[in-house]
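J.: Quick one, final.txt (compact mmCIF, C-alpha atoms):
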# COMPACT_ATOMS: atom_id res chain seq x y z
CA MET A 911 2.04 -1.77 -17.14
CA SER A 912 -0.49 0.99 -16.56
CA GLY A 913 -3.42 1.34 -14.23
CA THR A 914 -5.79 4.03 -13.08
CA LEU A 915 -5.72 5.60 -9.66
CA SER A 916 -8.97 6.44 -7.92
CA ALA A 917 -8.66 10.07 -8.97
CA GLY A 918 -8.68 8.93 -12.61
CA ARG A 919 -5.03 9.68 -13.28
CA ASP A 920 -2.96 7.14 -15.15
CA LEU A 921 -0.25 5.45 -13.12
CA ASP A 922 2.73 4.27 -15.10
CA VAL A 923 4.42 1.64 -12.93
CA PRO A 924 7.93 2.09 -14.42
CA GLN A 925 7.76 5.79 -13.44
CA VAL A 926 6.88 4.80 -9.88
CA ARG A 927 9.84 2.42 -9.78
CA ALA A 928 12.11 5.15 -11.11
CA PHE A 929 10.95 7.55 -8.40
CA ALA A 930 12.23 5.32 -5.65
CA PHE A 931 15.70 5.23 -7.13
CA THR A 932 16.37 8.82 -8.15
CA GLY A 933 19.99 9.52 -7.38
CA PRO A 934 22.38 6.79 -6.26
CA GLU A 935 21.21 3.20 -6.68
CA ARG A 936 19.37 1.97 -3.60
CA GLN A 937 20.60 -1.21 -1.98
CA ASP A 938 17.15 -2.04 -0.56
CA ARG A 939 15.31 -2.04 -3.87
CA ALA A 940 12.66 -4.64 -2.89
CA VAL A 941 11.83 -2.79 0.33
CA SER A 942 11.71 0.60 -1.39
CA ASP A 943 9.49 -0.77 -4.18
CA SER A 944 7.13 -2.21 -1.58
CA ILE A 945 6.88 1.08 0.30
CA VAL A 946 6.19 2.99 -2.92
CA ARG A 947 3.44 0.48 -3.79
CA LEU A 948 1.91 0.88 -0.32
CA TYR A 949 1.78 4.66 -0.73
CA CYS A 950 0.19 4.37 -4.15
CA ALA A 951 -2.38 1.84 -2.90
CA MET A 952 -3.27 3.51 0.39
CA PHE A 953 -2.80 7.23 -0.30
CA ASP A 954 -3.12 7.42 -4.10
CA ARG A 955 0.29 9.07 -4.33
CA LYS A 956 4.01 8.39 -4.28
CA PRO A 957 5.94 8.96 -1.03
CA THR A 958 8.26 11.90 -0.65
CA SER A 959 11.93 11.01 -0.39
CA PHE A 960 11.71 11.70 3.36
CA GLU A 961 8.74 9.34 3.77
CA LEU A 962 10.49 6.64 1.76
CA GLU A 963 13.66 6.95 3.85
CA TYR A 964 11.66 7.01 7.09
CA TRP A 965 9.71 3.82 6.39
CA ALA A 966 12.70 2.01 4.86
CA GLY A 967 14.64 2.87 8.02
CA ARG A 968 11.81 1.57 10.22
CA TYR A 969 11.79 -1.65 8.18
CA TRP A 970 15.56 -2.13 8.51
CA ASN A 971 15.24 -1.53 12.26
CA GLY A 972 12.84 -4.48 12.60
CA LEU A 973 9.35 -3.22 11.69
CA PRO A 974 7.78 -5.78 9.33
CA LEU A 975 6.23 -4.58 6.07
CA VAL A 976 2.81 -5.93 7.14
CA THR A 977 2.99 -3.75 10.26
CA ILE A 978 3.80 -0.71 8.10
CA ALA A 979 0.79 -1.58 5.91
CA GLU A 980 -1.38 -1.91 9.03
CA ALA A 981 -0.21 1.51 10.25
CA PHE A 982 -1.17 3.02 6.88
CA THR A 983 -4.78 1.79 7.35
CA HIS A 984 -4.97 3.91 10.53
CA ALA A 985 -3.03 6.91 9.21
CA GLU A 986 -4.66 10.33 9.35
CA GLU A 987 -4.20 10.69 5.58
CA PHE A 988 -5.97 7.38 4.89
CA VAL A 989 -8.87 8.19 7.24
CA ALA A 990 -9.22 11.69 5.75
CA ARG A 991 -9.40 10.19 2.24
CA TYR A 992 -11.66 7.19 2.91
CA GLY A 993 -13.24 7.69 6.33
CA ALA A 994 -13.80 4.82 8.76
CA VAL A 995 -13.52 1.87 6.39
CA THR A 996 -14.95 -1.54 7.25
CA ASP A 997 -12.92 -4.64 6.48
CA ALA A 998 -15.10 -5.27 3.42
CA GLY A 999 -14.67 -1.64 2.38
CA LEU A 1000 -10.90 -1.92 2.70
CA VAL A 1001 -10.76 -5.01 0.50
CA SER A 1002 -13.06 -3.37 -2.05
CA LEU A 1003 -10.95 -0.22 -2.27
CA LEU A 1004 -7.79 -2.32 -2.67
CA TYR A 1005 -9.38 -4.15 -5.60
CA ARG A 1006 -10.35 -0.83 -7.21
CA ASP A 1007 -7.21 1.18 -6.46
CA VAL A 1008 -4.56 -1.54 -6.80
CA LEU A 1009 -6.04 -4.01 -9.27
CA GLY A 1010 -8.18 -1.49 -11.15
CA ARG A 1011 -11.36 -3.53 -11.03
CA GLU A 1012 -14.40 -4.18 -8.91
CA PRO A 1013 -14.02 -7.07 -6.49
CA GLY A 1014 -15.88 -10.31 -6.80
CA ARG A 1015 -18.19 -11.16 -3.90
CA ARG A 1016 -16.16 -14.27 -3.03
CA GLY A 1017 -12.86 -12.38 -2.95
CA VAL A 1018 -14.17 -9.85 -0.45
CA ALA A 1019 -15.90 -12.51 1.65
CA ALA A 1020 -12.76 -14.66 1.84
CA ALA A 1021 -10.57 -11.75 2.94
CA VAL A 1022 -13.12 -10.55 5.52
CA GLU A 1023 -13.45 -14.07 6.92
CA LYS A 1024 -9.66 -14.23 7.38
CA MET A 1025 -9.76 -10.96 9.31
CA ASP A 1026 -12.85 -11.98 11.34
CA THR A 1027 -11.24 -15.25 12.42
CA GLY A 1028 -7.92 -13.59 13.22
CA ALA A 1029 -6.09 -15.62 10.58
CA MET A 1030 -4.90 -12.34 9.03
CA HIS A 1031 -4.96 -8.68 9.99
CA ARG A 1032 -5.50 -5.68 7.74
CA GLY A 1033 -1.79 -5.14 7.15
CA GLU A 1034 -1.39 -8.69 5.86
CA ILE A 1035 -4.36 -8.25 3.51
CA VAL A 1036 -2.97 -4.92 2.22
CA ALA A 1037 0.50 -6.41 1.70
CA GLN A 1038 -1.00 -9.22 -0.41
CA PHE A 1039 -2.23 -6.71 -2.95
Since I need it in another form, could you write the structure as structure tokens?
T.:
Amino acid sequence: MSGTLSAGRDLDVPQVRAFAFTGPERQDRAVSDSIVRLYCAMFDRKPTSFELEYWAGRYWNGLPLVTIAEAFTHAEEFVARYGAVTDAGLVSLLYRDVLGREPGRRGVAAAVEKMDTGAMHRGEIVAQF
């Protein structure tokens, strides 16, 4: 499966999966895959091995993946890349950067409504992508 990152580079998903498991086989494959996907979605890059280990460790010490995703939306790197993003802007960039397409009006509106009503927070929306 291939997609295009916002910088126009091709992203080959099997290569991303292979990155997370260079060296000995990881026992937390699902967690590592999720962290790699978050980095690709939020920062348009793969994590370094240190970053992967750091966030996997935080997860295994009780930090939920949705909280990690929420933290990424406030990260200095994210803000430097995208600026102060509205909820609608966040959903739109996720459609473009993760799904590789422009969002439909209803998809953005539904996600923003969930955030406005408190039914979901940004981390939960990010993790759904």
J.: What is the distance, in Å and to one decimal place, between CA of Thr996 in chain A and CA of Ile945 in chain A?
T.: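 Those two atoms sit 23.1 Å apart.
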J.: Can you pull out every residue within 8 Å of range 959-974 of chain A, counting all atoms listed in the file, but drop anything in the same chain fewer than 6 positions away, and send it as a list in words?
T.: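 Near range 959-974 of chain A, the qualifying residues are Ala930, Val941, Ser942, Ile945 and Val946 of chain A.
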J.: Record the distance separating CA of Leu975 in chain A and CA of Glu987 in chain A, expressed in Å with one decimal.
T.: 18.5 Å
J.: Can you tell me how far CA of Arg1032 in chain A sits from CA of Glu980 in chain A, in Å to one decimal?
T.: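 Straight-line distance from CA of Arg1032 in chain A to CA of Glu980 in chain A works out to 5.7 Å.
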J.: Which residue, A:Val976, A:Phe988, A:Leu1009, A:Thr958, has the smallest gap to Ser944 in chain A when you use all atoms listed in the file?
T.: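 The shortest atom-to-atom distance to Ser944 in chain A comes from A:Val976.
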